[in-house]
$ cat start-v6.pdb   # PDB, C-alpha atoms, pLDDT in the B column
ATOM      1  CA  PHE C   1      -4.988   6.543   8.674  1.00 68.00           C
ATOM      2  CA  LEU C   2      -3.693  10.107   9.000  1.00 80.00           C
ATOM      3  CA  LEU C   3      -1.462   9.771   5.932  1.00 80.00           C
ATOM      4  CA  SER C   4      -4.308   8.230   3.898  1.00 80.00           C
ATOM      5  CA  THR C   5      -6.605  11.117   4.802  1.00 84.00           C
ATOM      6  CA  PHE C   6      -3.867  13.621   4.011  1.00 84.00           C
ATOM      7  CA  ALA C   7      -3.302  12.000   0.597  1.00 82.00           C
ATOM      8  CA  ILE C   8      -7.011  12.331  -0.234  1.00 85.00           C
ATOM      9  CA  LEU C   9      -7.183  15.966   0.882  1.00 86.00           C
ATOM     10  CA  LEU C  10      -3.982  16.763  -1.005  1.00 83.00           C
ATOM     11  CA  ILE C  11      -5.592  16.052  -4.398  1.00 81.00           C
ATOM     12  CA  PRO C  12      -7.785  19.217  -4.563  1.00 82.00           C
ATOM     13  CA  VAL C  13      -4.887  21.272  -3.187  1.00 81.00           C
ATOM     14  CA  ASP C  14      -2.686  19.980  -6.015  1.00 78.00           C
ATOM     15  CA  VAL C  15      -5.352  20.859  -8.581  1.00 77.00           C
ATOM     16  CA  ALA C  16      -5.726  24.357  -7.159  1.00 77.00           C
ATOM     17  CA  ASN C  17      -1.954  24.815  -7.079  1.00 74.00           C
ATOM     18  CA  ASN C  18      -1.592  23.924 -10.781  1.00 69.00           C
ATOM     19  CA  ALA C  19      -4.577  26.076 -11.772  1.00 62.00           C
ATOM     20  CA  GLY C  20      -4.502  24.597 -15.280  1.00 57.00           C
ATOM     21  CA  ASN C  21      -1.430  26.553 -16.381  1.00 60.00           C
ATOM     22  CA  PRO C  22       0.844  24.918 -18.970  1.00 55.00           C
ATOM     23  CA  GLY C  23       3.988  23.411 -17.530  1.00 56.00           C
ATOM     24  CA  CYS C  24       2.727  23.189 -13.950  1.00 62.00           C
ATOM     25  CA  ASP C  25       2.638  19.384 -14.115  1.00 56.00           C
ATOM     26  CA  LEU C  26       6.354  19.132 -14.885  1.00 57.00           C
ATOM     27  CA  PRO C  27       8.519  17.712 -12.064  1.00 54.00           C
ATOM     28  CA  ASN C  28      10.974  20.646 -12.130  1.00 56.00           C
ATOM     29  CA  GLN C  29       8.488  23.436 -12.742  1.00 52.00           C
ATOM     30  CA  SER C  30       9.490  26.738 -11.127  1.00 51.00           C
ATOM     31  CA  SER C  31       6.888  29.144 -12.475  1.00 52.00           C
ATOM     32  CA  VAL C  32       5.453  31.530  -9.903  1.00 56.00           C
ATOM     33  CA  TYR C  33       2.110  31.209 -11.658  1.00 58.00           C
ATOM     34  CA  CYS C  34       1.822  27.535 -10.677  1.00 65.00           C
ATOM     35  CA  GLY C  35       1.041  28.190  -7.018  1.00 65.00           C
ATOM     36  CA  GLY C  36       4.630  28.213  -5.840  1.00 66.00           C
ATOM     37  CA  VAL C  37       4.458  24.704  -4.305  1.00 71.00           C
ATOM     38  CA  ASN C  38       6.446  21.794  -5.723  1.00 72.00           C
ATOM     39  CA  PHE C  39       3.844  19.054  -5.398  1.00 76.00           C
ATOM     40  CA  PHE C  40       6.010  16.513  -7.174  1.00 77.00           C
ATOM     41  CA  SER C  41       8.365  16.404  -4.188  1.00 80.00           C
ATOM     42  CA  MET C  42       5.434  16.554  -1.792  1.00 82.00           C
ATOM     43  CA  TRP C  43       3.771  13.498  -3.363  1.00 83.00           C
ATOM     44  CA  GLU C  44       7.101  11.664  -3.311  1.00 83.00           C
ATOM     45  CA  SER C  45       7.557  12.431   0.387  1.00 85.00           C
ATOM     46  CA  LEU C  46       4.011  11.415   1.254  1.00 86.00           C
ATOM     47  CA  PHE C  47       4.122   8.036  -0.468  1.00 85.00           C
ATOM     48  CA  CYS C  48       7.636   7.325   0.802  1.00 85.00           C
ATOM     49  CA  MET C  49       6.320   7.867   4.319  1.00 87.00           C
ATOM     50  CA  CYS C  50       3.540   5.375   3.596  1.00 85.00           C
ATOM     51  CA  CYS C  51       6.101   2.843   2.353  1.00 84.00           C
ATOM     52  CA  PHE C  52       8.221   3.435   5.475  1.00 87.00           C
ATOM     53  CA  ILE C  53       5.231   2.705   7.710  1.00 87.00           C
ATOM     54  CA  ILE C  54       4.372  -0.476   5.781  1.00 86.00           C
ATOM     55  CA  ILE C  55       7.930  -1.804   5.583  1.00 87.00           C
ATOM     56  CA  GLY C  56       9.501  -0.427   8.753  1.00 87.00           C
ATOM     57  CA  LEU C  57       7.109   0.722  11.436  1.00 89.00           C
ATOM     58  CA  ILE C  58       4.325  -1.887  11.269  1.00 89.00           C
ATOM     59  CA  PRO C  59       6.628  -4.980  11.242  1.00 89.00           C
ATOM     60  CA  PHE C  60       8.779  -3.536  14.051  1.00 90.00           C
ATOM     61  CA  ALA C  61       5.713  -2.726  16.165  1.00 89.00           C
ATOM     62  CA  THR C  62       4.345  -6.233  15.564  1.00 88.00           C
ATOM     63  CA  PHE C  63       7.621  -7.925  16.569  1.00 87.00           C
ATOM     64  CA  TYR C  64       7.957  -5.686  19.623  1.00 86.00           C
ATOM     65  CA  TYR C  65       4.390  -6.363  20.746  1.00 84.00           C
ATOM     66  CA  GLU C  66       4.690 -10.117  20.274  1.00 81.00           C
ATOM     67  CA  GLY C  67       7.936 -10.233  22.261  1.00 78.00           C
ATOM     68  CA  SER C  68       6.908  -7.890  25.068  1.00 74.00           C
ATOM     69  CA  PHE C  69       5.003 -10.518  27.071  1.00 67.00           C
ATOM     70  CA  SER C  70       5.874 -14.055  28.064  1.00 58.00           C
ATOM     71  CA  ILE C  71       3.488 -16.942  28.543  1.00 51.00           C
ATOM     72  CA  ASP C  72       2.696 -16.054  32.170  1.00 53.00           C
ATOM     73  CA  GLY C  73       1.958 -12.411  31.232  1.00 53.00           C
ATOM     74  CA  THR C  74       5.050 -10.819  32.754  1.00 56.00           C
ATOM     75  CA  LYS C  75       7.134  -8.369  30.741  1.00 57.00           C
ATOM     76  CA  LYS C  76      10.458  -9.472  29.371  1.00 62.00           C
ATOM     77  CA  PRO C  77      13.688  -7.453  29.788  1.00 62.00           C
ATOM     78  CA  ARG C  78      14.720  -4.617  27.543  1.00 67.00           C
ATOM     79  CA  GLY C  79      16.240  -7.116  25.147  1.00 74.00           C
ATOM     80  CA  VAL C  80      12.830  -7.198  23.463  1.00 80.00           C
ATOM     81  CA  PHE C  81      13.731  -3.985  21.615  1.00 82.00           C
ATOM     82  CA  ILE C  82      16.961  -5.494  20.298  1.00 84.00           C
ATOM     83  CA  SER C  83      15.143  -8.670  19.281  1.00 85.00           C
ATOM     84  CA  ALA C  84      12.409  -6.728  17.469  1.00 86.00           C
ATOM     85  CA  PHE C  85      15.048  -4.552  15.789  1.00 88.00           C
ATOM     86  CA  GLY C  86      16.875  -7.686  14.599  1.00 89.00           C
ATOM     87  CA  TYR C  87      13.723  -9.151  13.091  1.00 89.00           C
ATOM     88  CA  GLU C  88      13.041  -5.807  11.409  1.00 89.00           C
ATOM     89  CA  MET C  89      16.522  -5.875   9.886  1.00 92.00           C
ATOM     90  CA  VAL C  90      15.717  -9.303   8.434  1.00 92.00           C
ATOM     91  CA  VAL C  91      12.543  -7.909   6.865  1.00 90.00           C
ATOM     92  CA  LEU C  92      14.395  -4.866   5.513  1.00 91.00           C
ATOM     93  CA  ILE C  93      17.228  -6.957   4.034  1.00 92.00           C
ATOM     94  CA  ALA C  94      14.735  -9.316   2.379  1.00 91.00           C
ATOM     95  CA  PHE C  95      12.899  -6.302   0.964  1.00 89.00           C
ATOM     96  CA  LEU C  96      16.085  -4.730  -0.425  1.00 89.00           C
ATOM     97  CA  VAL C  97      17.241  -8.049  -1.906  1.00 91.00           C
ATOM     98  CA  LEU C  98      13.947  -8.213  -3.764  1.00 88.00           C
ATOM     99  CA  VAL C  99      13.581  -4.557  -4.787  1.00 88.00           C
ATOM    100  CA  LEU C 100      17.113  -3.455  -5.683  1.00 88.00           C
ATOM    101  CA  PRO C 101      17.637  -6.016  -8.501  1.00 88.00           C
ATOM    102  CA  LEU C 102      14.217  -5.112  -9.882  1.00 86.00           C
ATOM    103  CA  TYR C 103      15.043  -1.406  -9.794  1.00 87.00           C
ATOM    104  CA  TYR C 104      18.419  -1.731 -11.531  1.00 87.00           C
ATOM    105  CA  THR C 105      16.992  -4.040 -14.217  1.00 85.00           C
ATOM    106  CA  LYS C 106      13.499  -2.568 -14.683  1.00 81.00           C
ATOM    107  CA  GLY C 107      13.875   0.950 -13.303  1.00 80.00           C
ATOM    108  CA  LEU C 108      12.291   2.735 -16.236  1.00 82.00           C
ATOM    109  CA  THR C 109       8.880   3.447 -17.647  1.00 81.00           C
ATOM    110  CA  LYS C 110       7.861   3.113 -21.282  1.00 81.00           C
ATOM    111  CA  LEU C 111       5.495   5.529 -22.974  1.00 80.00           C
ATOM    112  CA  PRO C 112       3.958   3.997 -26.141  1.00 81.00           C
ATOM    113  CA  VAL C 113       3.760   6.403 -29.097  1.00 78.00           C
ATOM    114  CA  ASN C 114       2.872   6.272 -32.782  1.00 74.00           C
ATOM    115  CA  ASN C 115       5.786   7.425 -34.928  1.00 71.00           C
ATOM    116  CA  TYR C 116       4.989   9.373 -38.116  1.00 66.00           C
ATOM    117  CA  ASP C 117       7.385  10.891 -40.673  1.00 62.00           C
ATOM    118  CA  TYR C 118       6.273  14.202 -42.108  1.00 60.00           C
ATOM    119  CA  SER C 119       7.734  17.351 -43.638  1.00 57.00           C
ATOM    120  CA  LEU C 120       9.048  19.982 -41.214  1.00 55.00           C
ATOM    121  CA  SER C 121       7.656  22.752 -43.385  1.00 57.00           C
ATOM    122  CA  SER C 122       4.352  22.518 -41.524  1.00 53.00           C
ATOM    123  CA  LEU C 123       5.903  23.370 -38.169  1.00 52.00           C
ATOM    124  CA  THR C 124       4.804  26.729 -36.755  1.00 53.00           C
ATOM    125  CA  THR C 125       5.535  28.541 -33.495  1.00 51.00           C
ATOM    126  CA  THR C 126       2.605  29.934 -31.554  1.00 52.00           C
ATOM    127  CA  GLU C 127       2.696  32.124 -28.414  1.00 50.00           C
ATOM    128  CA  TYR C 128       0.016  31.699 -25.752  1.00 49.00           C
ATOM    129  CA  TYR C 129      -0.586  34.294 -23.036  1.00 47.00           C
ATOM    130  CA  VAL C 130      -2.307  32.801 -20.004  1.00 48.00           C
ATOM    131  CA  ASN C 131      -2.667  36.074 -18.103  1.00 49.00           C
ATOM    132  CA  PRO C 132      -1.797  39.676 -19.085  1.00 50.00           C
ATOM    133  CA  GLY C 133       1.796  40.547 -18.293  1.00 51.00           C
ATOM    134  CA  GLN C 134       3.019  36.958 -18.222  1.00 49.00           C
ATOM    135  CA  THR C 135       5.955  35.620 -20.150  1.00 52.00           C
ATOM    136  CA  PRO C 136       4.387  33.800 -23.126  1.00 49.00           C
ATOM    137  CA  TYR C 137       4.646  30.027 -23.448  1.00 49.00           C
ATOM    138  CA  GLU C 138       5.914  29.009 -26.873  1.00 47.00           C
ATOM    139  CA  PHE C 139       4.644  25.811 -28.432  1.00 47.00           C
ATOM    140  CA  VAL C 140       5.594  24.119 -31.703  1.00 47.00           C
ATOM    141  CA  THR C 141       2.459  22.945 -33.470  1.00 51.00           C
ATOM    142  CA  LEU C 142       2.196  20.551 -36.395  1.00 50.00           C
ATOM    143  CA  GLU C 143      -0.802  21.110 -38.626  1.00 52.00           C
ATOM    144  CA  LEU C 144      -1.718  18.109 -40.773  1.00 53.00           C
ATOM    145  CA  SER C 145      -4.577  18.010 -43.182  1.00 52.00           C
ATOM    146  CA  ALA C 146      -6.727  14.902 -43.319  1.00 50.00           C
ATOM    147  CA  SER C 147      -5.490  13.949 -46.798  1.00 51.00           C
ATOM    148  CA  ALA C 148      -1.857  14.505 -45.902  1.00 50.00           C
ATOM    149  CA  PHE C 149      -2.251  12.523 -42.692  1.00 50.00           C
ATOM    150  CA  LYS C 150      -3.671   9.514 -44.515  1.00 47.00           C
ATOM    151  CA  SER C 151      -0.824   9.616 -47.031  1.00 47.00           C
ATOM    152  CA  VAL C 152       1.858   9.049 -44.399  1.00 51.00           C
ATOM    153  CA  ASP C 153       3.385   5.639 -45.088  1.00 54.00           C
ATOM    154  CA  ASN C 154       6.153   5.450 -42.515  1.00 56.00           C
ATOM    155  CA  PHE C 155       4.073   4.615 -39.469  1.00 62.00           C
ATOM    156  CA  ASN C 156       5.264   2.391 -36.659  1.00 71.00           C
ATOM    157  CA  LYS C 157       4.741   1.960 -32.967  1.00 77.00           C
ATOM    158  CA  LYS C 158       7.562   2.911 -30.650  1.00 77.00           C
ATOM    159  CA  SER C 159       8.057   3.613 -26.974  1.00 80.00           C
ATOM    160  CA  ILE C 160       9.879   6.417 -25.195  1.00 81.00           C
ATOM    161  CA  ASN C 161      11.852   5.212 -22.181  1.00 82.00           C
ATOM    162  CA  PHE C 162      12.067   7.363 -19.061  1.00 80.00           C
ATOM    163  CA  ASN C 163      14.382   6.508 -16.181  1.00 83.00           C
ATOM    164  CA  VAL C 164      12.750   6.925 -12.775  1.00 83.00           C
ATOM    165  CA  ASN C 165      14.366   7.478  -9.402  1.00 84.00           C
ATOM    166  CA  PHE C 166      14.165   4.934  -6.598  1.00 86.00           C
ATOM    167  CA  ALA C 167      11.383   6.771  -4.757  1.00 84.00           C
ATOM    168  CA  VAL C 168       9.081   6.807  -7.791  1.00 84.00           C
ATOM    169  CA  TYR C 169       9.874   3.155  -8.532  1.00 87.00           C
ATOM    170  CA  LEU C 170       9.150   2.179  -4.922  1.00 85.00           C
ATOM    171  CA  ILE C 171       5.811   4.010  -5.041  1.00 83.00           C
ATOM    172  CA  ALA C 172       4.872   2.335  -8.337  1.00 85.00           C
ATOM    173  CA  LEU C 173       5.882  -1.110  -7.058  1.00 85.00           C
ATOM    174  CA  ALA C 174       3.897  -0.656  -3.843  1.00 83.00           C
ATOM    175  CA  GLY C 175       0.880   0.487  -5.855  1.00 84.00           C
ATOM    176  CA  PHE C 176       1.165  -2.485  -8.233  1.00 87.00           C
ATOM    177  CA  ILE C 177       1.435  -5.029  -5.411  1.00 86.00           C
ATOM    178  CA  GLY C 178      -1.261  -3.265  -3.414  1.00 84.00           C
ATOM    179  CA  PHE C 179      -3.613  -3.337  -6.401  1.00 89.00           C
ATOM    180  CA  TRP C 180      -3.428  -7.129  -6.665  1.00 91.00           C
ATOM    181  CA  ILE C 181      -3.693  -7.621  -2.899  1.00 89.00           C
ATOM    182  CA  PHE C 182      -6.715  -5.332  -2.851  1.00 90.00           C
ATOM    183  CA  SER C 183      -8.301  -7.206  -5.777  1.00 91.00           C
ATOM    184  CA  VAL C 184      -7.804 -10.606  -4.131  1.00 92.00           C
ATOM    185  CA  PHE C 185      -9.119  -9.579  -0.714  1.00 91.00           C
ATOM    186  CA  VAL C 186     -12.059  -7.644  -2.142  1.00 90.00           C
ATOM    187  CA  GLY C 187     -12.984 -10.611  -4.351  1.00 88.00           C
ATOM    188  CA  VAL C 188     -12.756 -13.043  -1.460  1.00 89.00           C
ATOM    189  CA  GLY C 189     -14.679 -10.703   0.831  1.00 87.00           C
ATOM    190  CA  ILE C 190     -17.508 -10.046  -1.606  1.00 89.00           C
ATOM    191  CA  THR C 191     -17.805 -13.769  -2.306  1.00 87.00           C
ATOM    192  CA  SER C 192     -17.730 -14.886   1.329  1.00 87.00           C
ATOM    193  CA  LEU C 193     -20.041 -12.173   2.693  1.00 86.00           C
ATOM    194  CA  PRO C 194     -23.311 -13.794   1.520  1.00 88.00           C
ATOM    195  CA  PHE C 195     -22.170 -17.217   2.746  1.00 88.00           C
ATOM    196  CA  ASP C 196     -21.295 -15.776   6.160  1.00 86.00           C
ATOM    197  CA  LEU C 197     -24.716 -14.193   6.393  1.00 88.00           C
ATOM    198  CA  ILE C 198     -26.433 -17.453   5.380  1.00 90.00           C
ATOM    199  CA  VAL C 199     -24.398 -19.524   7.851  1.00 87.00           C
ATOM    200  CA  GLY C 200     -25.012 -16.940  10.568  1.00 86.00           C
ATOM    201  CA  TYR C 201     -28.754 -17.205   9.944  1.00 87.00           C
ATOM    202  CA  ILE C 202     -28.728 -21.028   9.980  1.00 88.00           C
ATOM    203  CA  TYR C 203     -26.748 -21.228  13.232  1.00 86.00           C
ATOM    204  CA  ARG C 204     -28.467 -18.288  14.916  1.00 85.00           C
ATOM    205  CA  PRO C 205     -29.291 -18.653  18.647  1.00 83.00           C
ATOM    206  CA  LYS C 206     -32.507 -20.509  19.230  1.00 81.00           C
ATOM    207  CA  VAL C 207     -34.706 -21.010  22.302  1.00 82.00           C
ATOM    208  CA  LEU C 208     -34.015 -24.422  23.877  1.00 79.00           C
ATOM    209  CA  ALA C 209     -36.562 -26.710  25.496  1.00 84.00           C
ATOM    210  CA  PRO C 210     -36.300 -26.964  29.335  1.00 85.00           C
ATOM    211  CA  ASP C 211     -35.004 -30.564  29.325  1.00 87.00           C
ATOM    212  CA  GLU C 212     -32.418 -29.777  26.617  1.00 86.00           C
ATOM    213  CA  LEU C 213     -31.324 -26.673  28.507  1.00 85.00           C
ATOM    214  CA  ALA C 214     -30.796 -28.683  31.702  1.00 88.00           C
ATOM    215  CA  GLU C 215     -28.723 -31.241  29.782  1.00 89.00           C
ATOM    216  CA  ARG C 216     -26.526 -28.501  28.271  1.00 88.00           C
ATOM    217  CA  GLU C 217     -25.982 -26.956  31.720  1.00 90.00           C
ATOM    218  CA  LEU C 218     -24.876 -30.326  33.129  1.00 91.00           C
ATOM    219  CA  GLU C 219     -22.413 -30.856  30.266  1.00 92.00           C
ATOM    220  CA  LEU C 220     -21.027 -27.377  30.730  1.00 91.00           C
ATOM    221  CA  GLN C 221     -20.588 -27.925  34.475  1.00 92.00           C
ATOM    222  CA  ASN C 222     -18.719 -31.193  33.936  1.00 91.00           C
ATOM    223  CA  ARG C 223     -16.450 -29.644  31.333  1.00 92.00           C
ATOM    224  CA  THR C 224     -15.733 -26.699  33.647  1.00 93.00           C
ATOM    225  CA  ASN C 225     -14.695 -29.055  36.457  1.00 91.00           C
ATOM    226  CA  GLU C 226     -12.324 -30.883  34.096  1.00 92.00           C
ATOM    227  CA  ILE C 227     -10.690 -27.615  32.991  1.00 93.00           C
ATOM    228  CA  ILE C 228     -10.257 -26.516  36.606  1.00 92.00           C
ATOM    229  CA  ASP C 229      -8.538 -29.839  37.477  1.00 90.00           C
ATOM    230  CA  ILE C 230      -6.191 -29.469  34.497  1.00 92.00           C
ATOM    231  CA  ALA C 231      -5.378 -25.864  35.465  1.00 90.00           C
ATOM    232  CA  VAL C 232      -4.523 -26.955  39.036  1.00 90.00           C
ATOM    233  CA  LEU C 233      -2.155 -29.651  37.738  1.00 89.00           C
ATOM    234  CA  LEU C 234      -0.449 -27.178  35.381  1.00 88.00           C
ATOM    235  CA  LYS C 235      -0.016 -24.690  38.213  1.00 87.00           C
ATOM    236  CA  LYS C 236       1.622 -27.353  40.409  1.00 85.00           C
ATOM    237  CA  GLU C 237       4.007 -28.381  37.590  1.00 83.00           C
ATOM    238  CA  HIS C 238       4.891 -24.740  36.946  1.00 80.00           C
ATOM    239  CA  GLN C 239       5.655 -24.216  40.632  1.00 81.00           C
ATOM    240  CA  VAL C 240       7.892 -27.312  40.669  1.00 78.00           C
ATOM    241  CA  LEU C 241       9.802 -26.024  37.612  1.00 78.00           C
ATOM    242  CA  LEU C 242      10.320 -22.638  39.285  1.00 75.00           C
ATOM    243  CA  GLU C 243      11.802 -24.383  42.342  1.00 76.00           C
ATOM    244  CA  GLY C 244      14.253 -26.290  40.121  1.00 70.00           C
ATOM    245  CA  GLY C 245      12.679 -29.685  40.423  1.00 62.00           C
ATOM    246  CA  VAL C 246      11.376 -32.163  37.903  1.00 61.00           C
ATOM    247  CA  PRO C 247       7.592 -32.518  37.608  1.00 57.00           C
ATOM    248  CA  GLY C 248       6.391 -36.029  38.368  1.00 58.00           C
TER     249      GLY C 248
END
$ encode --input "start-v6.pdb" --output "structure tokens"
Amino acid sequence: FLLSTFAILLIPVDVANNAGNPGCDLPNQSSVYCGGVNFFSMWESLFCMCCFIIIGLIPFATFYYEGSFSIDGTKKPRGVFISAFGYEMVVLIAFLVLVLPLYYTKGLTKLPVNNYDYSLSSLTTTEYYVNPGQTPYEFVTLELSASAFKSVDNFNKKSINFNVNFAVYLIALAGFIGFWIFSVFVGVGITSLPFDLIVGYIYRPKVLAPDELAERELELQNRTNEIIDIAVLLKKEHQVLLEGGVPG
């Protein structure tokens, strides 16, 4: 919950840090006019912490909690930690077996672009000053007239491939899987909510007649006596097992 809240509050801080200056969105930006904070690394660290909690902390805590108590409610020895750690290693190995082949085979992103061939004579260099006294940013601009643009014949669709590091790939994979899980559970929840409300209204508590109430009380009393008898028998068998005997 704390990391989720921090991620939400970090968005306006990131916007204020960039301040709309050119080049501030680049991963390796070092301009002092961009706020001085490398938010690319900060976002990577934040989402990697979220992935660590989902993959490492939550499964380990679940295994440790489930193994901390036995059937009779007494705590088990310290071997519970080792057992929970072993189960966590199984989860981690299964995760790496699934993710590592995907990363080394599909660890890149493709940016679709439209490829045009045009004369380089139209290229011009323009200097933009964001604030007085700054080093100007130089951009290469391509000015195409409408008639010249329509006359371009060599047009095809291509994609620019960018290799991503493991942290970015892990974040993207978690977001992709989380999107589908969220869609499924939201769809099921929205669909089942009206039915739950209708069923809850149909089977709402109602006032019983006196004779029906007396009959229900008698049934409940008989059932309670049966459960008590069964519990006494189970307690006797458990005591016999503790003493090393064989229950008869």
$ residues_around --input "start-v6.pdb" --residues "Ala84 of chain C" --least-positions-apart "6" --cutoff "7 Å" --atoms "only C-alpha atoms" --output "NGL selection string"
:C and (60 or 63-64)
$ atom_distance --input "start-v6.pdb" --atom1 "atom CA of Asn163 of chain C" --atom2 "atom CA of Ile11 of chain C"
25.1 Å
$ atom_distance --input "start-v6.pdb" --atom1 "atom CA of Tyr87 of chain C" --atom2 "atom CA of Gly67 of chain C"
10.9 Å
$ residues_around --input "start-v6.pdb" --residues "Leu98 of chain C" --least-positions-apart "6" --cutoff "12 Å" --atoms "all atoms listed in the file" --output "list of chain:residue names"
C:Val91, C:Leu92, C:Tyr104, C:Thr105, C:Leu170, C:Leu173
$ atom_distance --input "start-v6.pdb" --atom1 "atom CA of Thr62 of chain C" --atom2 "atom CA of Met49 of chain C"
18.1 Å
$ closest_residue --input "start-v6.pdb" --among "C:Val13, C:Met89, C:Ile202, C:Ile160" --to "Asn114 of chain C" --atoms "all atoms listed in the file"
C:Ile160
$ resolve_selection --input "start-v6.pdb" --expression "the PyMOL selection byres ((chain C and resi 4) around 12)" --output "count of residues only"
16
$ closest_residue --input "start-v6.pdb" --among "C:Trp180, C:Phe81, C:Phe40, C:Tyr169" --to "Thr109 of chain C" --atoms "all atoms listed in the file"
C:Tyr169
$ resolve_selection --input "start-v6.pdb" --expression "the PyMOL selection byres ((chain C and resi 162) around 10)" --output "list in words"
Gly107, Leu108, Thr109, Lys110, Leu111, Ser159, Ile160, Asn161, Asn163, Val164 and Asn165 of chain C
$ residues_around --input "start-v6.pdb" --residues "Ala167 of chain C" --least-positions-apart "3" --cutoff "8 Å" --atoms "all atoms listed in the file" --output "PyMOL selection string"
chain C and resi 44+48+170-171
$ build_atoms --input "start-v6.pdb" --residues "segment 179-198 of chain C" --atoms "N, CA and C atoms" --output "PDB file, in the coordinates of the input"
ATOM      1  N   PHE C 179      -2.443  -3.154  -5.547  1.00 89.00           N
ATOM      2  CA  PHE C 179      -3.613  -3.337  -6.401  1.00 89.00           C
ATOM      3  C   PHE C 179      -4.042  -4.800  -6.441  1.00 89.00           C
ATOM      4  N   TRP C 180      -3.081  -5.708  -6.594  1.00 91.00           N
ATOM      5  CA  TRP C 180      -3.428  -7.129  -6.665  1.00 91.00           C
ATOM      6  C   TRP C 180      -3.879  -7.661  -5.307  1.00 91.00           C
ATOM      7  N   ILE C 181      -3.244  -7.198  -4.230  1.00 89.00           N
ATOM      8  CA  ILE C 181      -3.693  -7.621  -2.899  1.00 89.00           C
ATOM      9  C   ILE C 181      -5.111  -7.133  -2.641  1.00 89.00           C
ATOM     10  N   PHE C 182      -5.372  -5.875  -3.020  1.00 90.00           N
ATOM     11  CA  PHE C 182      -6.715  -5.332  -2.851  1.00 90.00           C
ATOM     12  C   PHE C 182      -7.735  -6.116  -3.685  1.00 90.00           C
ATOM     13  N   SER C 183      -7.376  -6.459  -4.918  1.00 91.00           N
ATOM     14  CA  SER C 183      -8.301  -7.206  -5.777  1.00 91.00           C
ATOM     15  C   SER C 183      -8.615  -8.575  -5.191  1.00 91.00           C
ATOM     16  N   VAL C 184      -7.596  -9.266  -4.689  1.00 92.00           N
ATOM     17  CA  VAL C 184      -7.804 -10.606  -4.131  1.00 92.00           C
ATOM     18  C   VAL C 184      -8.683 -10.536  -2.889  1.00 92.00           C
ATOM     19  N   PHE C 185      -8.368  -9.632  -1.962  1.00 91.00           N
ATOM     20  CA  PHE C 185      -9.119  -9.579  -0.714  1.00 91.00           C
ATOM     21  C   PHE C 185     -10.536  -9.063  -0.938  1.00 91.00           C
ATOM     22  N   VAL C 186     -10.705  -8.115  -1.845  1.00 90.00           N
ATOM     23  CA  VAL C 186     -12.059  -7.644  -2.142  1.00 90.00           C
ATOM     24  C   VAL C 186     -12.877  -8.759  -2.788  1.00 90.00           C
ATOM     25  N   GLY C 187     -12.265  -9.503  -3.722  1.00 88.00           N
ATOM     26  CA  GLY C 187     -12.984 -10.611  -4.351  1.00 88.00           C
ATOM     27  C   GLY C 187     -13.378 -11.680  -3.354  1.00 88.00           C
ATOM     28  N   VAL C 188     -12.443 -12.036  -2.473  1.00 89.00           N
ATOM     29  CA  VAL C 188     -12.756 -13.043  -1.460  1.00 89.00           C
ATOM     30  C   VAL C 188     -13.826 -12.528  -0.499  1.00 89.00           C
ATOM     31  N   GLY C 189     -13.710 -11.250  -0.106  1.00 87.00           N
ATOM     32  CA  GLY C 189     -14.679 -10.703   0.831  1.00 87.00           C
ATOM     33  C   GLY C 189     -16.081 -10.613   0.260  1.00 87.00           C
ATOM     34  N   ILE C 190     -16.184 -10.149  -0.987  1.00 89.00           N
ATOM     35  CA  ILE C 190     -17.508 -10.046  -1.606  1.00 89.00           C
ATOM     36  C   ILE C 190     -18.127 -11.428  -1.797  1.00 89.00           C
ATOM     37  N   THR C 191     -17.280 -12.413  -2.107  1.00 87.00           N
ATOM     38  CA  THR C 191     -17.805 -13.769  -2.306  1.00 87.00           C
ATOM     39  C   THR C 191     -18.233 -14.409  -0.993  1.00 87.00           C
ATOM     40  N   SER C 192     -17.443 -14.206   0.060  1.00 87.00           N
ATOM     41  CA  SER C 192     -17.730 -14.886   1.329  1.00 87.00           C
ATOM     42  C   SER C 192     -18.797 -14.183   2.156  1.00 87.00           C
ATOM     43  N   LEU C 193     -19.061 -12.902   1.891  1.00 86.00           N
ATOM     44  CA  LEU C 193     -20.041 -12.173   2.693  1.00 86.00           C
ATOM     45  C   LEU C 193     -21.424 -12.808   2.664  1.00 86.00           C
ATOM     46  N   PRO C 194     -21.989 -13.158   1.497  1.00 88.00           N
ATOM     47  CA  PRO C 194     -23.311 -13.794   1.520  1.00 88.00           C
ATOM     48  C   PRO C 194     -23.310 -15.140   2.246  1.00 88.00           C
ATOM     49  N   PHE C 195     -22.227 -15.922   2.077  1.00 88.00           N
ATOM     50  CA  PHE C 195     -22.170 -17.217   2.746  1.00 88.00           C
ATOM     51  C   PHE C 195     -22.098 -17.041   4.261  1.00 88.00           C
ATOM     52  N   ASP C 196     -21.350 -16.033   4.724  1.00 86.00           N
ATOM     53  CA  ASP C 196     -21.295 -15.776   6.160  1.00 86.00           C
ATOM     54  C   ASP C 196     -22.662 -15.387   6.713  1.00 86.00           C
ATOM     55  N   LEU C 197     -23.378 -14.586   5.947  1.00 88.00           N
ATOM     56  CA  LEU C 197     -24.716 -14.193   6.393  1.00 88.00           C
ATOM     57  C   LEU C 197     -25.668 -15.388   6.421  1.00 88.00           C
ATOM     58  N   ILE C 198     -25.570 -16.258   5.417  1.00 90.00           N
ATOM     59  CA  ILE C 198     -26.433 -17.453   5.380  1.00 90.00           C
ATOM     60  C   ILE C 198     -26.098 -18.391   6.531  1.00 90.00           C
TER      61      ILE C 198
END
